[in-house]
Amino acid sequence: MYSRQSPSPRYLELLSLNRQLHMEGDAAQSLAADDAFPGKSLFAQLPRIKDLVRSTRASTLLDYGCGKGRQYQVQSFAIDGAIINESVQDYLDVDYIYRYDAAFPQYTQLPEGRFDGVICTDVLEHCPEQDLPWIVEELFGYASKFVFANVPGFSAMKKLPNGENAHCTQRESQWWNTVFGTAARKHPGIYWEVLHVSRLGPQERQEHHVVRLGTNPSIPAGS
């Protein structure tokens with residue numbers, strides 16, 4: 001059984017490779033360091049996160065796996081072609097967002113205490129399967145109201161410096177539901193939602209898997 005205190009050798013290997021990509025980029029992929037994991041994949045998930053913030057009356061968030069955090073430096077961004085002229089924090093209408101990312105030196109300090117909501121976008125598929133139980137349980141441990149995550153189920157366009165695909169864990173939606181469900185049972189009362197995206201040929205299908213638990217039965221399911 002692996003843990004935060006004792007992760008697998010594979011976790012440490014991937015962490016080192018992702019840190020290298022963060023700091024150096026990859027000339028073979030024409031990928032500049034600044035363009036490696038900037039954090040902008042959050043934008044596509046903001047409408048659903050905003051719904052969860054509103055429904056749970058959340059005021060503090062933890063972005064677990066925020067990348068370089070560039071998403072929080074902009075004062076306007078696009079969602080489905082519409083321009084939003086405000087910061088992410090103002091759009092979500094929260095008081096505070098803590099940023100954590102194990103692979104980017106600026107944000108490697110683990111948070112203390114709990115947050116109303118924990119968000120984890122396009123992160124977990126970069127982690128090895130054997131470590132995901134403790135990582136997902138860590139998400140719940142930091143949450144007092146909800147956990148939201150999205151996980152692609154297909155290969156990334158990026159490769160790691162050793163040539164491996166950046167998405168080391170590509171599993172079906174039910175597998176993710178099992179991992180999250182197991183962690184959730186240890187943290188009753190936390191609403192959780194996993195968005196699994198699987199690519200089928202030229203099409204992309206989004207599968208929402210929603211479980212209502214504990215104190216927030218009125219939260220509307222994603223669509």
# chains A, B, ... in the order shown; residues from 1 in each chain; ligands from 1
>>> residues_around(residues="region 53-66 of chain A", least_positions_apart="2", cutoff="8 Å", atoms="only C-alpha atoms", output="ChimeraX atom specification")
/A:39,49-51,68-69,92-102,115-121,123,139,142,145-146,216,218-220
>>> residues_around(residues="Glu164 (chain A)", least_positions_apart="3", cutoff="12 Å", atoms="only C-alpha atoms", output="NGL selection string")
:A and (13-14 or 17-18 or 126 or 155-161 or 167-169)
>>> write_last_selection(atoms="N, CA and C atoms", output="PDB file, in the first residue's frame")
ATOM      1  N   GLU A  13       9.432   8.439 -10.232  1.00  0.00           N
ATOM      2  CA  GLU A  13       9.992   8.540 -11.575  1.00  0.00           C
ATOM      3  C   GLU A  13       9.186   9.512 -12.436  1.00  0.00           C
ATOM      4  N   LEU A  14       7.857   9.364 -12.420  1.00  0.00           N
ATOM      5  CA  LEU A  14       7.008  10.236 -13.222  1.00  0.00           C
ATOM      6  C   LEU A  14       7.047  11.669 -12.718  1.00  0.00           C
ATOM      7  N   LEU A  17      10.106  13.257 -14.154  1.00  0.00           N
ATOM      8  CA  LEU A  17       9.959  13.524 -15.586  1.00  0.00           C
ATOM      9  C   LEU A  17       9.040  14.713 -15.839  1.00  0.00           C
ATOM     10  N   ASN A  18       7.965  14.816 -15.077  1.00  0.00           N
ATOM     11  CA  ASN A  18       7.048  15.941 -15.248  1.00  0.00           C
ATOM     12  C   ASN A  18       7.685  17.252 -14.799  1.00  0.00           C
ATOM     13  N   HIS A 126      -2.125  11.613 -15.166  1.00  0.00           N
ATOM     14  CA  HIS A 126      -0.662  11.700 -15.180  1.00  0.00           C
ATOM     15  C   HIS A 126      -0.032  10.914 -14.028  1.00  0.00           C
ATOM     16  N   SER A 155      -4.924   8.951 -24.982  1.00  0.00           N
ATOM     17  CA  SER A 155      -3.527   9.384 -24.987  1.00  0.00           C
ATOM     18  C   SER A 155      -3.411  10.891 -25.137  1.00  0.00           C
ATOM     19  N   ALA A 156      -2.378  11.436 -24.514  1.00  0.00           N
ATOM     20  CA  ALA A 156      -2.091  12.866 -24.638  1.00  0.00           C
ATOM     21  C   ALA A 156      -1.305  13.138 -25.915  1.00  0.00           C
ATOM     22  N   MET A 157      -1.342  14.382 -26.347  1.00  0.00           N
ATOM     23  CA  MET A 157      -0.485  14.786 -27.455  1.00  0.00           C
ATOM     24  C   MET A 157       0.961  14.942 -26.984  1.00  0.00           C
ATOM     25  N   LYS A 158       1.141  15.251 -25.682  1.00  0.00           N
ATOM     26  CA  LYS A 158       2.479  15.419 -25.127  1.00  0.00           C
ATOM     27  C   LYS A 158       3.124  14.080 -24.814  1.00  0.00           C
ATOM     28  N   LYS A 159       4.447  14.082 -24.870  1.00  0.00           N
ATOM     29  CA  LYS A 159       5.232  12.955 -24.384  1.00  0.00           C
ATOM     30  C   LYS A 159       6.155  13.448 -23.275  1.00  0.00           C
ATOM     31  N   LEU A 160       6.507  12.541 -22.399  1.00  0.00           N
ATOM     32  CA  LEU A 160       7.477  12.857 -21.366  1.00  0.00           C
ATOM     33  C   LEU A 160       8.886  12.817 -21.954  1.00  0.00           C
ATOM     34  N   PRO A 161       9.869  13.363 -21.249  1.00  0.00           N
ATOM     35  CA  PRO A 161      11.233  13.386 -21.790  1.00  0.00           C
ATOM     36  C   PRO A 161      11.807  12.021 -22.146  1.00  0.00           C
ATOM     37  N   HIS A 167      -0.037  10.764 -20.528  1.00  0.00           N
ATOM     38  CA  HIS A 167      -1.156  10.160 -19.817  1.00  0.00           C
ATOM     39  C   HIS A 167      -0.805   8.704 -19.503  1.00  0.00           C
ATOM     40  N   CYS A 168      -0.278   8.470 -18.325  1.00  0.00           N
ATOM     41  CA  CYS A 168       0.188   7.124 -18.000  1.00  0.00           C
ATOM     42  C   CYS A 168      -0.957   6.212 -17.562  1.00  0.00           C
ATOM     43  N   THR A 169      -2.082   6.795 -17.125  1.00  0.00           N
ATOM     44  CA  THR A 169      -3.238   6.003 -16.705  1.00  0.00           C
ATOM     45  C   THR A 169      -4.418   6.331 -17.604  1.00  0.00           C
TER      46      THR A 169
END
>>> residues_around(residues="region 170-180 of chain A", least_positions_apart="3", cutoff="12 Å", atoms="only C-alpha atoms", output="VMD selection string")
chain A and resid 122 to 140 147 to 156 165 to 167 183 to 187 190 to 199 205 to 211
>>> select_by_dssp(residues="region 53-197 of chain A", states="strand (DSSP E or B)", output="VMD selection string")
chain A and resid 60 to 64 77 to 79 82 to 84 96 to 100 115 to 121 143 to 152 159 165 191 to 197
>>> closest_residue(among="A:Lys40, A:Gln45, A:Pro111, A:Leu52", to="Gln71 (chain A)", atoms="only C-alpha atoms")
A:Lys40
>>> residues_around(residues="region 22-28 of chain A", least_positions_apart="2", cutoff="9 Å", atoms="only C-alpha atoms", output="PyMOL selection string")
chain A and resi 17-20+30-38+67-68+103-104+159-161
>>> select_by_dssp(residues="region 61-167 of chain A", states="helix (DSSP H, G or I)", output="ChimeraX atom specification")
/A:70-72,88-92,105-107,124-126,129-141
>>> closest_residue(among="A:Ser3, A:Tyr107, A:Ala44, A:Tyr72", to="Glu86 (chain A)", atoms="only C-alpha atoms")
A:Tyr72
